[in-house]
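Everything on this sheet refers to the single structure shown next.
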Amino acid sequence: MEEKEYYSRNFIEEAIDKDLEDGVYNHVQTRFPPEPNGYLHIGHAKAISIDFGMAKKYGGTCNLRLDDTNPTKEDTEYVDAIMEDIEWLGFKWDKVLYASDYFDDIYAAAIKLIKKGKAYVCDLSADEIREYRGTLTEPGKNSPYRERSVEENLDLFKRMTEGEFEDGAKVLRAKIDMASPNLNMRDPVIYRILRAHHHRTGDKWIVYPMYDFAHPISDTVEGVTHSLCSLEFEDHRPLYDWVLKELEYEKPSRQIEFARMNLNYTLTSKRRCLKLVKEGIVSGWDDPRMSTLCGMRRRGYTPEAIRDFCDRIGVAKSNSVIDFALLEACIREHLNKTAPRAMAVLNPIKLIVDNYPQGKVESLKVEVNPEDPSMGEREVEFSRELYIEAEDFREEAPNKYHRLVPGREVRLKSAYVVMCTGCDKDEDGNIVAVHCTYDPETRGGDTPDGRKIKGTIHFVSAAHAVDAQVRLYDRLFNVENPSDESGVESFLDNLNPNSMVVMENAKLESNLKNVKPGDTFQFQRMGYFCCDRDSTPEKIIFNRTAALKDSWKGGK
């Protein structure tokens with residue numbers, strides 16, 4: 001009997017499949033609607049993957065639509081950054097659109113609601129509206145302006161539009177139900193007066209729509225079939241549906257919510273991230289410790305790893321906290337397969353091979369990446385004077401220390417077996433050089449007599465070494481929920497003091513002398529590293545993307 005492959009659909013796919021089967025829609029169109037008031041972060045990556053992924057799965061289209069309904073916070077800088085991040089992640093929009101493209105449609109919709117008796121101009125202040133709204137357990141009270149006539153509302157709204165009133169003096173509210181158990185349905189504000197220069201429409205408008213009003217209209221006018229958004233908008237869906245029903249659209253869009261991504265040891269709050277930037281705790285929005293996509297890109301995260309991370313999380317209906325270790329596992333897995341290997345000594349000390357001929361240099365052929373033989377081989381120099389990690393030598397060490405100790409042999413990776421003979425110290429007792437002898441019969445690391453060598457360390461030829469600065473980045477916070485300020489005065493008290501350690505005197509193998517910003521390598525035994533955008537031929541800078549294994553298991 002032939003086995004069939006069964007595919008488990010998520011709830012979004014089930015809803016789309018049913019809509020297509022029932023003829024509600026004959027195609028699928030989605031959109032990704034970020035507000036251009038900041039940089040995209042790792043949470044947006046999930047929304048991007050879902051919005052663009054669903055369109056691709058069903059052979060449909062996905063637009064990038066910038067929600068520019070709040071001109072006081074928006075900037076073309078953010079628009080450009082958003083586009084760059086989406087393209088970097090590997091997605092391509094069908095069209096670039098803006099909520100402001102629909103301002104005329106949205107304004108006409110407001111007039112229609114007024115004429116239907118479903119919207120009114122209200123003179124209550126923001127604080128009064130909040131007071132009248134009621135609570136989760138108590139119904140709200142009707143505004144004293146709720147029963148204005150259609151004619152009066154049309155006149156007042158026109159005068160609002162023409163700039164007769166001050167900002168905040170009047171708003172346009174939907175007339176729904178002040179006793180609704182859903183606070184979003186208690187006569188929400190749908191238009192406000194806002195004198196602000198818009199980055200696209202200039203000074204054309206003095207009134208601007210609220211997001212909850214603009215969004216469903218933009219979706220439907222645009223032709224979006226399925227408006228996919230995160231779970232915090234679930235309580236807003238009744239308003240979304242009410243707007244479209246009252247406006248009597250023939251093919252209204254359908255909103256479906258999914259759980260947002262919450263990642264431990266991470267902040268995505270724009271307000272808190274801005275505080276980190278303004279107070280100089282991080283170098284900027286693209287600081288490699290930030291959760292922004294531009295920060296992750298600078299650190300060396302790959303779009304393939306982030307997409308894999310989003311796929312592994314899947315699509316859920318309830319919020320949960322994802323372990324940061326899963327994201328790191330995805331980047332390790334991808335870079336293990338794709339990153340060239342290189343030897344780099346971050347905290348160098350000299351190793352002198354006393355019985356190796358003066359002036360002799362050997363060129364050792366080493367695989368670029370043992371996981372991918374097609375990447376070929378590279379040549380690594382071996383000479384009498386080498387650099388090794390200072391941590392790879394101890395004058396005295398326990399038996400389980402399998403590195404250089406006087407009288408003990410170790411293998412220099414891809415080179416020779418050496419015997420440590422001692423070390424030189426300065427007048428203060430600091431070790432300045434380690435000495436050893438090599439076994440010429442062990443080229444490549446093999447031992448013809450079969451003796452076992454437990455330790456293997458890496459090295460860089462001193463005469464050929466390339467100087468570099470290496471920044472060891474780690475998680476910015478040392479608690480799982482850095483937003484939790486219980487027990488501390490500020491979330492800043494949860495900062496990890498070791499989130500960046502700078503190694504100023506690192507030594508790289510000569511193959512990295514022409515490295516370019518964005519190049520990624522596995523520094524053998526050390527982790528995965530990416531050449532920083534500020535790197536120059538005169539000063540090479542590398543950022544650590546991830547250690548070779550998770551050092552956070554069980555806490556630090």
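Every chain in the structure tokens has a letter given in the order shown (A, B, ...), and although residue numbers restart at 1 in each chain, ligands are simply numbered from 1 in the order shown.
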
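The protein and nucleic acid residues lying at most 6 Å from stretch 240-257 of chain A are Pro216, Thr220, Val224, Thr225, His226, Ser227, Leu228, Cys229, Ser230 and Leu231 of chain A, with only C-alpha atoms considered and sequence neighbours fewer than 6 positions away removed.
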
File of the preceding selection, N, CA and C atoms, as a PDB file, in the first residue's frame:
```
ATOM      1  N   PRO A 216      -8.569  48.665   8.820  1.00  0.00           N
ATOM      2  CA  PRO A 216      -9.498  47.832   8.052  1.00  0.00           C
ATOM      3  C   PRO A 216      -9.861  48.429   6.702  1.00  0.00           C
ATOM      4  N   THR A 220      -9.055  46.653   3.038  1.00  0.00           N
ATOM      5  CA  THR A 220     -10.120  46.303   2.100  1.00  0.00           C
ATOM      6  C   THR A 220      -9.980  47.047   0.782  1.00  0.00           C
ATOM      7  N   VAL A 224      -6.674  43.348   0.284  1.00  0.00           N
ATOM      8  CA  VAL A 224      -6.146  42.316   1.176  1.00  0.00           C
ATOM      9  C   VAL A 224      -7.266  41.353   1.536  1.00  0.00           C
ATOM     10  N   THR A 225      -6.995  40.064   1.379  1.00  0.00           N
ATOM     11  CA  THR A 225      -8.005  39.062   1.742  1.00  0.00           C
ATOM     12  C   THR A 225      -7.876  38.677   3.211  1.00  0.00           C
ATOM     13  N   HIS A 226      -6.637  38.446   3.645  1.00  0.00           N
ATOM     14  CA  HIS A 226      -6.420  37.982   5.020  1.00  0.00           C
ATOM     15  C   HIS A 226      -5.420  38.911   5.699  1.00  0.00           C
ATOM     16  N   SER A 227      -5.930  39.633   6.683  1.00  0.00           N
ATOM     17  CA  SER A 227      -5.132  40.599   7.433  1.00  0.00           C
ATOM     18  C   SER A 227      -4.568  39.887   8.658  1.00  0.00           C
ATOM     19  N   LEU A 228      -3.319  39.461   8.577  1.00  0.00           N
ATOM     20  CA  LEU A 228      -2.705  38.649   9.626  1.00  0.00           C
ATOM     21  C   LEU A 228      -1.959  39.564  10.587  1.00  0.00           C
ATOM     22  N   CYS A 229      -2.245  39.427  11.869  1.00  0.00           N
ATOM     23  CA  CYS A 229      -1.634  40.315  12.851  1.00  0.00           C
ATOM     24  C   CYS A 229      -1.438  39.575  14.165  1.00  0.00           C
ATOM     25  N   SER A 230      -0.676  40.174  15.064  1.00  0.00           N
ATOM     26  CA  SER A 230      -0.367  39.517  16.328  1.00  0.00           C
ATOM     27  C   SER A 230      -1.531  39.592  17.305  1.00  0.00           C
ATOM     28  N   LEU A 231      -1.417  38.794  18.344  1.00  0.00           N
ATOM     29  CA  LEU A 231      -2.546  38.489  19.223  1.00  0.00           C
ATOM     30  C   LEU A 231      -3.088  39.699  19.984  1.00  0.00           C
TER      31      LEU A 231
END
```

Non-local contacts of A:Asp94 (6 Å; only C-alpha atoms; under 6 positions in same chain excluded) as a PyMOL selection string: chain A and resi 61-63

Generate the output file for the selected residues, all heavy atoms, as a compact mmCIF listing (two decimals), in the first residue's frame.
```txt
# COMPACT_ATOMS: atom_id res chain seq x y z
N THR A 61 -0.06 37.36 -3.33
CA THR A 61 0.84 38.50 -3.24
C THR A 61 0.83 39.07 -1.82
O THR A 61 -0.14 38.91 -1.07
CB THR A 61 0.42 39.62 -4.22
OG1 THR A 61 -0.93 40.01 -3.95
CG2 THR A 61 0.54 39.15 -5.65
N CYS A 62 1.92 39.73 -1.49
CA CYS A 62 2.03 40.42 -0.20
C CYS A 62 2.61 41.80 -0.44
O CYS A 62 3.67 41.93 -1.06
CB CYS A 62 2.92 39.63 0.76
SG CYS A 62 3.09 40.40 2.40
N ASN A 63 1.92 42.81 0.04
CA ASN A 63 2.39 44.18 -0.09
C ASN A 63 3.10 44.62 1.18
O ASN A 63 2.78 44.15 2.28
CB ASN A 63 1.22 45.15 -0.35
CG ASN A 63 0.58 44.92 -1.69
OD1 ASN A 63 1.22 44.47 -2.64
ND2 ASN A 63 -0.71 45.22 -1.79
```

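The residue that comes closest to A:Asp212, out of A:Thr161, A:Ser499, A:Thr69, A:Asn369 and on the basis of only C-alpha atoms, is A:Thr69.
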
Kindly provide the residues of stretch 198-260 of chain A that approach stretch 174-185 of chain A to within 8 Å, each paired with its closest atom pair and their distance in Å to one decimal, based on only C-alpha atoms, listed by chain and increasing number, as CSV.
```
residue,atom,partner,partner_atom,distance
A:Asp235,CA,A:Asn182,CA,7.2
A:His236,CA,A:Asn184,CA,6.3
A:Pro238,CA,A:Met185,CA,7.5
A:Leu239,CA,A:Met185,CA,6.2
```

Run DSSP on the backbone and grab whatever in stretch 190-222 of chain A lands in strand (DSSP E); send it over as a ChimeraX atom specification. /A:190-193,207-209

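Those residues that approach stretch 339-352 of chain A to within 7 Å, counting only C-alpha atoms, are Val368, Asn369, Arg384, Glu385, Leu386, Tyr387, Ile388, Glu389, Ala390, Val432, Ala433, Val434, His435, Cys436, His458, Phe459, Val460, Met503, Asn505, Ala506, Lys507, Leu508, Glu509, Thr520, Phe521, Gln522, Phe523 and Gln524 of chain A; same-chain residues fewer than 5 positions away are not listed.
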
If you run DSSP over the backbone, which residues in stretch 239-375 of chain A end up alpha helix (DSSP H)? Put them as a ChimeraX atom specification. /A:239-246,270-278,293-299,303-313,324-338

Given only C-alpha atoms as the counted atoms, nearest of A:Glu328, A:Glu379, A:Glu396, A:Asp493 to A:Gly527: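 Closest to A:Gly527, using only C-alpha atoms: A:Glu328.
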
Fewer than 3 positions away in the same chain doesn't count, so skip those; otherwise give me all residues within 12 Å of A:Ala110, counting only C-alpha atoms, as a ChimeraX atom specification. /A:103-107,113-121,153-154,157-158,161,171-175,189-192,207-210,213-214,217,243-244,246-247

Hey, can you spit out that residue selection with N, CA and C atoms as a short mmCIF file (atom, residue, chain, number, x, y, z; two decimals), in the first residue's frame?
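This is the output file part_13.cif:
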```
data_model
loop_
_atom_site.label_atom_id
_atom_site.label_comp_id
_atom_site.auth_asym_id
_atom_site.auth_seq_id
_atom_site.Cartn_x
_atom_site.Cartn_y
_atom_site.Cartn_z
N PHE A 103 -5.75 58.00 2.50
CA PHE A 103 -6.32 59.05 3.34
C PHE A 103 -7.63 59.60 2.78
N ASP A 104 -7.71 59.74 1.46
CA ASP A 104 -8.96 60.23 0.87
C ASP A 104 -10.09 59.23 1.07
N ASP A 105 -9.78 57.92 0.90
CA ASP A 105 -10.78 56.87 1.12
C ASP A 105 -11.23 56.84 2.57
N ILE A 106 -10.27 56.98 3.48
CA ILE A 106 -10.58 56.90 4.90
C ILE A 106 -11.43 58.10 5.32
N TYR A 107 -11.08 59.27 4.77
CA TYR A 107 -11.86 60.47 5.08
C TYR A 107 -13.30 60.33 4.56
N LEU A 113 -19.94 57.39 7.66
CA LEU A 113 -20.41 56.99 8.99
C LEU A 113 -21.20 58.12 9.65
N ILE A 114 -20.74 59.35 9.48
CA ILE A 114 -21.48 60.49 10.05
C ILE A 114 -22.88 60.55 9.44
N LYS A 115 -22.98 60.41 8.13
CA LYS A 115 -24.28 60.49 7.45
C LYS A 115 -25.20 59.35 7.87
N LYS A 116 -24.62 58.20 8.24
CA LYS A 116 -25.42 57.06 8.71
C LYS A 116 -25.81 57.20 10.18
N GLY A 117 -25.30 58.23 10.83
CA GLY A 117 -25.56 58.39 12.26
C GLY A 117 -24.68 57.49 13.09
N LYS A 118 -23.55 57.03 12.53
CA LYS A 118 -22.67 56.09 13.21
C LYS A 118 -21.36 56.74 13.68
N ALA A 119 -21.28 58.05 13.58
CA ALA A 119 -20.10 58.76 14.07
C ALA A 119 -20.51 60.17 14.47
N TYR A 120 -19.80 60.72 15.47
CA TYR A 120 -20.15 62.05 15.94
C TYR A 120 -18.89 62.78 16.42
N VAL A 121 -18.97 64.09 16.36
CA VAL A 121 -17.88 64.93 16.85
C VAL A 121 -18.07 65.13 18.35
N ASN A 153 -22.75 67.38 12.99
CA ASN A 153 -21.51 66.60 12.94
C ASN A 153 -20.75 66.82 11.64
N LEU A 154 -21.49 66.87 10.53
CA LEU A 154 -20.85 67.12 9.24
C LEU A 154 -20.18 68.50 9.23
N PHE A 157 -17.10 68.47 11.63
CA PHE A 157 -15.98 67.69 11.08
C PHE A 157 -15.31 68.45 9.94
N LYS A 158 -16.12 69.13 9.14
CA LYS A 158 -15.57 69.96 8.06
C LYS A 158 -14.70 71.07 8.65
N THR A 161 -11.46 69.78 9.84
CA THR A 161 -10.59 69.55 8.70
C THR A 161 -9.96 70.83 8.19
N VAL A 171 -12.71 65.60 18.63
CA VAL A 171 -12.37 64.35 17.94
C VAL A 171 -13.63 63.81 17.28
N LEU A 172 -13.43 62.92 16.32
CA LEU A 172 -14.56 62.21 15.74
C LEU A 172 -14.57 60.80 16.32
N ARG A 173 -15.73 60.40 16.85
CA ARG A 173 -15.84 59.08 17.48
C ARG A 173 -16.88 58.23 16.76
N ALA A 174 -16.62 56.94 16.72
CA ALA A 174 -17.62 56.01 16.21
C ALA A 174 -18.71 55.86 17.26
N LYS A 175 -19.96 55.76 16.82
CA LYS A 175 -21.08 55.58 17.76
C LYS A 175 -21.43 54.10 17.77
N VAL A 189 -12.35 56.73 19.40
CA VAL A 189 -11.96 57.86 18.56
C VAL A 189 -11.46 57.32 17.23
N ILE A 190 -11.96 57.91 16.13
CA ILE A 190 -11.50 57.46 14.81
C ILE A 190 -10.77 58.56 14.04
N TYR A 191 -10.90 59.82 14.46
CA TYR A 191 -10.15 60.92 13.85
C TYR A 191 -9.78 61.92 14.93
N ARG A 192 -8.58 62.51 14.81
CA ARG A 192 -8.19 63.57 15.74
C ARG A 192 -7.54 64.70 14.97
N VAL A 207 -6.44 66.80 10.06
CA VAL A 207 -7.01 65.69 10.82
C VAL A 207 -6.40 64.38 10.30
N TYR A 208 -6.17 63.45 11.23
CA TYR A 208 -5.57 62.16 10.85
C TYR A 208 -6.39 61.03 11.47
N PRO A 209 -6.55 59.93 10.74
CA PRO A 209 -7.32 58.80 11.27
C PRO A 209 -6.53 58.02 12.30
N MET A 210 -7.22 57.41 13.22
CA MET A 210 -6.60 56.50 14.18
C MET A 210 -6.34 55.17 13.50
N PHE A 213 -9.13 52.63 12.81
CA PHE A 213 -10.08 53.00 11.77
C PHE A 213 -9.42 52.89 10.39
N ALA A 214 -8.19 53.35 10.30
CA ALA A 214 -7.50 53.34 9.01
C ALA A 214 -7.18 51.93 8.54
N ILE A 217 -9.95 49.77 6.63
CA ILE A 217 -10.27 50.42 5.36
C ILE A 217 -9.12 50.26 4.38
N VAL A 243 -16.34 48.31 11.48
CA VAL A 243 -16.04 49.36 10.49
C VAL A 243 -16.38 48.88 9.09
N LEU A 244 -15.95 47.68 8.75
CA LEU A 244 -16.17 47.16 7.39
C LEU A 244 -17.65 46.87 7.13
N GLU A 246 -20.27 48.45 8.59
CA GLU A 246 -21.00 49.70 8.48
C GLU A 246 -20.69 50.43 7.17
N LEU A 247 -19.50 50.20 6.63
CA LEU A 247 -19.14 50.85 5.37
C LEU A 247 -19.62 50.04 4.16
#
```

Atom CA of A:Phe32 to atom CA of A:Glu333, straight-line distance in Å: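 Rounded to one decimal, the two atoms are 28.4 Å apart.
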
Within 12 Å of A:Ser414, counting only C-alpha atoms, which residues qualify if same-chain residues fewer than 3 places away don't, as an MDAnalysis selection string? chainID A and resid 342:343 362:367 378:382 410:411 417 442:446 456:460 524

For A:Asp484, list every protein, DNA or RNA residue within 12 Å, evaluated using only C-alpha atoms, and leave out those in the same chain fewer than 3 positions away; present the list as a list in words.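 Selected residues are Asn264, Tyr265, Thr266, Leu267, Phe477, Asn478, Val479, Glu480, Asn481, Gly487, Val488, Glu489, Ser490, Phe491, Leu492, Asp493, Asn494 and Leu495 of chain A.
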
Could you turn the residues from that selection into a file that holds N, CA, C and O atoms, as a short mmCIF file (atom, residue, chain, number, x, y, z; two decimals), in the first residue's frame?
```
data_model
loop_
_atom_site.label_atom_id
_atom_site.label_comp_id
_atom_site.auth_asym_id
_atom_site.auth_seq_id
_atom_site.Cartn_x
_atom_site.Cartn_y
_atom_site.Cartn_z
N ASN A 264 13.20 35.41 25.50
CA ASN A 264 13.79 35.75 26.79
C ASN A 264 15.16 36.41 26.62
O ASN A 264 15.78 36.36 25.56
N TYR A 265 15.62 37.08 27.66
CA TYR A 265 16.87 37.84 27.69
C TYR A 265 16.90 38.97 26.66
O TYR A 265 17.96 39.46 26.28
N THR A 266 15.72 39.38 26.18
CA THR A 266 15.65 40.33 25.07
C THR A 266 14.59 41.39 25.33
O THR A 266 13.55 41.09 25.91
N LEU A 267 14.85 42.61 24.84
CA LEU A 267 13.87 43.70 24.87
C LEU A 267 13.50 44.09 23.45
O LEU A 267 14.38 44.23 22.60
N PHE A 477 21.16 41.29 28.52
CA PHE A 477 20.56 41.22 29.87
C PHE A 477 20.88 39.88 30.52
O PHE A 477 21.02 38.86 29.83
N ASN A 478 20.95 39.89 31.84
CA ASN A 478 21.30 38.66 32.55
C ASN A 478 20.11 38.02 33.24
O ASN A 478 20.28 37.11 34.05
N VAL A 479 18.89 38.49 32.93
CA VAL A 479 17.68 37.87 33.46
C VAL A 479 16.75 37.55 32.29
O VAL A 479 16.80 38.21 31.25
N GLU A 480 15.91 36.55 32.47
CA GLU A 480 15.05 36.11 31.37
C GLU A 480 14.05 37.16 30.95
O GLU A 480 13.73 37.31 29.78
N ASN A 481 13.54 37.91 31.92
CA ASN A 481 12.56 38.95 31.62
C ASN A 481 13.13 40.30 32.00
O ASN A 481 12.90 40.80 33.10
N GLY A 487 11.94 44.40 42.28
CA GLY A 487 13.18 44.16 43.00
C GLY A 487 14.34 45.02 42.52
O GLY A 487 15.42 45.00 43.11
N VAL A 488 14.14 45.76 41.43
CA VAL A 488 15.18 46.67 40.94
C VAL A 488 14.55 48.02 40.64
O VAL A 488 13.34 48.13 40.46
N GLU A 489 15.36 49.05 40.58
CA GLU A 489 14.83 50.39 40.33
C GLU A 489 14.48 50.60 38.87
O GLU A 489 13.59 51.35 38.52
N SER A 490 15.20 49.93 37.98
CA SER A 490 15.01 50.12 36.55
C SER A 490 15.42 48.86 35.81
O SER A 490 16.23 48.07 36.31
N PHE A 491 14.86 48.67 34.62
CA PHE A 491 15.26 47.52 33.81
C PHE A 491 16.75 47.58 33.48
O PHE A 491 17.38 46.55 33.19
N LEU A 492 17.36 48.77 33.58
CA LEU A 492 18.80 48.90 33.32
C LEU A 492 19.62 48.18 34.37
O LEU A 492 20.79 47.86 34.14
N ASP A 493 19.02 47.90 35.53
CA ASP A 493 19.73 47.14 36.56
C ASP A 493 19.88 45.67 36.19
O ASP A 493 20.61 44.93 36.85
N ASN A 494 19.18 45.25 35.12
CA ASN A 494 19.26 43.86 34.66
C ASN A 494 20.27 43.66 33.54
O ASN A 494 20.33 42.60 32.93
N LEU A 495 21.08 44.69 33.26
CA LEU A 495 22.07 44.58 32.20
C LEU A 495 23.15 43.57 32.55
O LEU A 495 23.56 43.45 33.70
#
```

Nearest to A:Leu263 by atom-to-atom distance, counting only C-alpha atoms, from A:Ser320, A:Thr201, A:Ser461, A:Thr292: A:Ser320

Computed interatomic separation between atom CA of A:Ala108 and atom CA of A:Asn70 (Å):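 Straight-line distance from atom CA of A:Ala108 to atom CA of A:Asn70 works out to 18.8 Å.
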
Closest to A:Ile42 among A:Ser149, A:Asn262, A:Thr545, A:Thr72, using only C-alpha atoms?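 Smallest distance to A:Ile42 is found for A:Asn262.
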
Write out as a list in words each polymer residue whose atoms come within 7 Å of A:Glu35, counting only C-alpha atoms; drop sequence neighbours fewer than 4 positions from it.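 Listing them by chain and then by number gives Leu66, Asp67 and Asp68 of chain A.
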
Restricting the output to all heavy atoms, write the selected residues as a compact mmCIF listing (two decimals), in the first residue's frame.
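As a result, result-v1.txt now contains:
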```txt
# COMPACT_ATOMS: atom_id res chain seq x y z
N LEU A 66 3.31 50.78 4.65
CA LEU A 66 3.80 51.54 5.80
C LEU A 66 2.64 52.29 6.45
O LEU A 66 1.95 53.07 5.80
CB LEU A 66 4.88 52.53 5.36
CG LEU A 66 6.27 52.00 4.98
CD1 LEU A 66 6.85 51.15 6.09
CD2 LEU A 66 6.27 51.25 3.68
N ASP A 67 2.44 52.02 7.75
CA ASP A 67 1.35 52.67 8.49
C ASP A 67 1.80 54.05 8.96
O ASP A 67 2.33 54.21 10.06
CB ASP A 67 0.94 51.79 9.67
CG ASP A 67 -0.03 52.51 10.59
OD1 ASP A 67 -0.89 53.25 10.06
OD2 ASP A 67 0.08 52.36 11.82
N ASP A 68 1.59 55.05 8.11
CA ASP A 68 2.05 56.40 8.43
C ASP A 68 0.90 57.31 8.84
O ASP A 68 0.75 58.43 8.33
CB ASP A 68 2.82 57.00 7.24
CG ASP A 68 2.01 56.98 5.94
OD1 ASP A 68 0.94 56.33 5.90
OD2 ASP A 68 2.45 57.61 4.97
```

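In this comparison, which uses only C-alpha atoms, the residue of A:Pro440, A:Pro448, A:Pro482, A:Gly163 approaching A:Asn355 most closely is A:Pro440.
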